[in-house]
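With mmCIF, C-alpha atoms inside, this is start.cif:
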data_upload
#
loop_
_atom_site.label_atom_id
_atom_site.label_comp_id
_atom_site.auth_asym_id
_atom_site.auth_seq_id
_atom_site.Cartn_x
_atom_site.Cartn_y
_atom_site.Cartn_z
CA MET A 19 17.12 154.08 114.34
CA LEU A 20 15.82 157.64 114.30
CA PRO A 21 18.44 160.34 114.94
CA ILE A 22 18.58 162.72 117.86
CA GLY A 23 16.66 165.86 116.95
CA ALA A 24 14.06 164.02 114.86
CA LYS A 25 10.40 164.62 115.57
CA ALA A 26 9.07 161.59 117.48
CA PRO A 27 6.21 159.84 115.70
CA VAL A 28 3.00 159.81 117.73
CA PHE A 29 0.75 156.78 117.94
CA SER A 30 -2.22 155.22 119.70
CA ALA A 31 -2.12 151.61 120.87
CA LYS A 32 -3.41 149.07 123.36
CA SER A 33 -1.37 148.49 126.50
CA THR A 34 -1.38 146.67 129.81
CA LYS A 35 -2.76 149.87 131.38
CA GLY A 36 -5.43 150.55 128.75
CA PRO A 37 -5.25 152.63 125.58
CA VAL A 38 -2.18 154.85 125.17
CA ASP A 39 -2.10 157.91 122.93
CA LEU A 40 1.37 159.46 122.83
CA ARG A 41 -0.18 162.82 121.95
CA GLU A 42 -1.41 163.05 125.55
CA TYR A 43 2.20 163.12 126.82
CA VAL A 44 4.07 165.18 124.22
CA GLY A 45 4.58 168.71 125.51
CA LYS A 46 3.81 167.69 129.08
CA GLN A 47 6.28 164.98 130.10
CA THR A 48 9.54 163.40 129.08
CA ILE A 49 8.91 160.00 127.48
CA VAL A 50 11.15 156.94 127.70
CA LEU A 51 10.23 154.53 124.91
CA VAL A 52 11.82 151.10 125.25
CA PHE A 53 11.65 148.78 122.25
CA TYR A 54 12.45 145.30 123.54
CA PRO A 55 12.42 141.97 121.68
CA GLY A 56 10.27 139.71 123.85
CA ASP A 57 8.04 139.47 126.90
CA ASP A 58 9.32 137.45 129.86
CA THR A 59 12.76 136.72 128.38
CA PRO A 60 15.91 137.07 130.52
CA VAL A 61 17.48 140.27 129.12
CA CYS A 62 14.13 141.99 128.54
CA THR A 63 13.07 141.17 132.09
CA LYS A 64 16.33 142.56 133.46
CA GLN A 65 15.96 145.74 131.39
CA LEU A 66 12.35 146.41 132.36
CA CYS A 67 12.93 145.48 136.01
CA ALA A 68 15.76 148.06 136.16
CA LEU A 69 13.30 150.67 134.91
CA GLN A 70 10.72 149.51 137.46
CA ASP A 71 13.31 149.70 140.25
CA ASN A 72 13.94 153.36 139.29
CA TYR A 73 10.37 154.22 138.37
CA GLY A 74 9.86 156.53 141.35
CA THR A 75 12.93 158.56 140.37
CA LEU A 76 11.73 158.73 136.77
CA GLN A 77 8.30 159.91 137.88
CA GLN A 78 9.91 162.63 140.03
CA LYS A 79 11.51 163.87 136.81
CA ASN A 80 8.06 164.11 135.21
CA THR A 81 8.84 161.14 132.98
CA VAL A 82 6.63 158.37 131.65
CA VAL A 83 7.95 154.99 130.53
CA PHE A 84 6.50 152.71 127.85
CA GLY A 85 7.74 149.28 126.78
CA VAL A 86 6.93 148.36 123.17
CA ASN A 87 6.94 145.15 121.15
CA PRO A 88 4.49 143.30 118.89
CA GLY A 89 3.60 140.57 121.42
CA GLU A 90 0.01 139.79 122.34
CA LEU A 91 -1.75 141.74 125.08
CA ASP A 92 -2.50 138.70 127.26
CA LYS A 93 1.18 137.70 127.32
CA LYS A 94 2.18 141.28 128.13
CA GLN A 95 -0.41 141.42 130.89
CA ALA A 96 0.97 138.23 132.49
CA PHE A 97 4.53 139.58 132.18
CA ALA A 98 3.59 142.96 133.68
CA THR A 99 1.70 141.33 136.55
CA LYS A 100 4.49 138.85 137.28
CA PHE A 101 7.04 141.65 137.73
CA GLN A 102 4.60 144.34 138.93
CA TYR A 103 5.49 146.88 136.24
CA GLU A 104 3.83 150.19 137.00
CA PHE A 105 4.38 151.46 133.46
CA PRO A 106 2.44 150.26 130.41
CA LEU A 107 3.67 147.61 128.00
CA ILE A 108 2.37 148.54 124.57
CA VAL A 109 1.15 146.15 121.89
CA ASP A 110 2.62 147.13 118.53
CA GLU A 111 -0.09 145.67 116.28
CA GLY A 112 1.17 145.25 112.74
CA GLN A 113 4.55 146.55 113.91
CA LYS A 114 3.61 150.06 112.83
CA ILE A 115 5.26 151.71 115.85
CA ARG A 116 8.50 149.78 115.28
CA GLU A 117 8.53 150.88 111.65
CA ALA A 118 7.75 154.52 112.50
CA TYR A 119 10.70 154.56 114.91
CA ASP A 120 12.99 152.77 112.43
CA VAL A 121 13.61 149.88 114.81
CA GLY A 122 15.14 147.02 112.82
CA LYS A 123 14.88 143.28 113.19
CA ILE A 124 17.39 140.85 114.66
CA LEU A 125 17.72 137.15 113.92
CA GLY A 126 16.12 137.55 110.54
CA LEU A 127 12.42 138.24 110.88
CA PHE A 128 11.83 137.05 114.41
CA PHE A 129 12.58 139.82 116.91
CA GLN A 130 12.81 143.59 116.88
CA GLN A 131 16.00 145.31 117.98
CA ARG A 132 16.46 146.59 121.50
CA ILE A 133 16.45 150.41 121.32
CA VAL A 134 15.75 153.06 123.94
CA TYR A 135 14.52 156.52 122.97
CA ILE A 136 14.01 159.52 125.19
CA ILE A 137 11.55 162.03 123.80
CA GLY A 138 11.83 165.56 125.18
CA LYS A 139 8.86 167.65 126.14
CA ASP A 140 9.09 169.39 122.75
CA GLY A 141 8.36 166.09 121.01
CA THR A 142 11.85 165.54 119.60
CA ILE A 143 14.17 162.64 120.24
CA VAL A 144 16.87 163.71 122.69
CA TYR A 145 18.44 160.27 123.24
CA ALA A 146 18.60 157.14 121.11
CA LYS A 147 20.67 154.07 121.82
CA LYS A 148 20.67 150.43 120.81
CA GLY A 149 21.03 147.82 123.52
CA ASN A 150 20.31 147.99 127.21
CA PRO A 151 21.76 151.23 128.57
CA PRO A 152 21.78 151.53 132.37
CA VAL A 153 19.04 153.66 133.91
CA SER A 154 21.76 155.95 135.29
CA GLU A 155 22.69 156.83 131.69
CA LEU A 156 19.06 157.63 130.90
CA LEU A 157 18.83 159.86 133.97
CA ARG A 158 22.03 161.71 132.95
CA ALA A 159 20.60 162.27 129.46
CA MET A 160 17.42 163.72 131.01
CA GLU A 161 19.40 165.95 133.34
CA ALA A 162 21.43 167.28 130.41
CA GLN A 163 18.15 168.32 128.75
CA GLU A 164 17.04 170.21 131.84
CA GLN A 165 20.10 172.48 131.77
#
Let me see the file written as structure tokens.
Amino acid sequence: MLPIGAKAPVFSAKSTKGPVDLREYVGKQTIVLVFYPGDDTPVCTKQLCALQDNYGTLQQKNTVVFGVNPGELDKKQAFATKFQYEFPLIVDEGQKIREAYDVGKILGLFFQQRIVYIIGKDGTIVYAKKGNPPVSELLRAMEAQEQ
């Protein structure tokens, strides 16, 4: 896991909302980057649905949200449509994004870890936590950066 204060790696990738280039957001918006193990699995669904439920609040804070894992685009598209996610789910082809963000593997080689990063407008990591932190914790971390 990358430490707080590290420069966030930028990347370009396919997503459920079209191509995403992180460079377009750095310096303009706060970025929530959610690395989750699998599409349409119980805990991942709960985590992403919590973000969707609070998406309006996140947008009011000039924040974009991206979900990331190496799954295929068609599976991500079905998952995003099923739960009406307004934010993009990114395809990590070749797991290059996972590696750049030092996201490890769980259960041997099968799934990536669950890690949430918040990237400040200056392009540095201001929050990094393994697991499924509540959205309220993410909002508090963003508010702390605004002060």
I need the output of the PyMOL selection byres ((chain A and resi 76-92) around 8) for this file as a tab-separated table (two decimals) with C-alpha atoms, in the coordinates of the input; which residues are they?
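Generated output (expr32.tsv):
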chain	number	residue	atom	x	y	z
A	32	LYS	CA	-3.41	149.07	123.36
A	33	SER	CA	-1.37	148.49	126.50
A	34	THR	CA	-1.38	146.67	129.81
A	47	GLN	CA	6.28	164.98	130.10
A	48	THR	CA	9.54	163.40	129.08
A	49	ILE	CA	8.91	160.00	127.48
A	50	VAL	CA	11.15	156.94	127.70
A	51	LEU	CA	10.23	154.53	124.91
A	52	VAL	CA	11.82	151.10	125.25
A	53	PHE	CA	11.65	148.78	122.25
A	54	TYR	CA	12.45	145.30	123.54
A	55	PRO	CA	12.42	141.97	121.68
A	56	GLY	CA	10.27	139.71	123.85
A	57	ASP	CA	8.04	139.47	126.90
A	66	LEU	CA	12.35	146.41	132.36
A	72	ASN	CA	13.94	153.36	139.29
A	73	TYR	CA	10.37	154.22	138.37
A	74	GLY	CA	9.86	156.53	141.35
A	75	THR	CA	12.93	158.56	140.37
A	93	LYS	CA	1.18	137.70	127.32
A	94	LYS	CA	2.18	141.28	128.13
A	95	GLN	CA	-0.41	141.42	130.89
A	96	ALA	CA	0.97	138.23	132.49
A	105	PHE	CA	4.38	151.46	133.46
A	106	PRO	CA	2.44	150.26	130.41
A	107	LEU	CA	3.67	147.61	128.00
A	108	ILE	CA	2.37	148.54	124.57
A	109	VAL	CA	1.15	146.15	121.89
A	110	ASP	CA	2.62	147.13	118.53
A	111	GLU	CA	-0.09	145.67	116.28
A	112	GLY	CA	1.17	145.25	112.74
A	113	GLN	CA	4.55	146.55	113.91
A	116	ARG	CA	8.50	149.78	115.28
A	130	GLN	CA	12.81	143.59	116.88
A	157	LEU	CA	18.83	159.86	133.97
**OP:** Measure the distance from atom CA of Ala118 of chain A to atom CA of Pro27 of chain A in Å and round it to one decimal.
**Re:** 6.4 Å
Subject >> Counting only C-alpha atoms, the residue of A:Glu161, A:Glu155, A:Asp120, A:Asp39 that sits nearest Arg132 of chain A >> reply: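 Ranked by minimum distance to Arg132 of chain A, first place goes to A:Asp120.
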Original post:
Distance atom CA of Thr142 of chain A-atom CA of Phe29 of chain A, one decimal place?
Top reply: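 Distance between the two atoms: 14.2 Å.
Minimum distance to Val61 of chain A across A:Arg158, A:Asn150, A:Ile143, A:Pro37 (counting all atoms listed in the file) occurs at A:Asn150.
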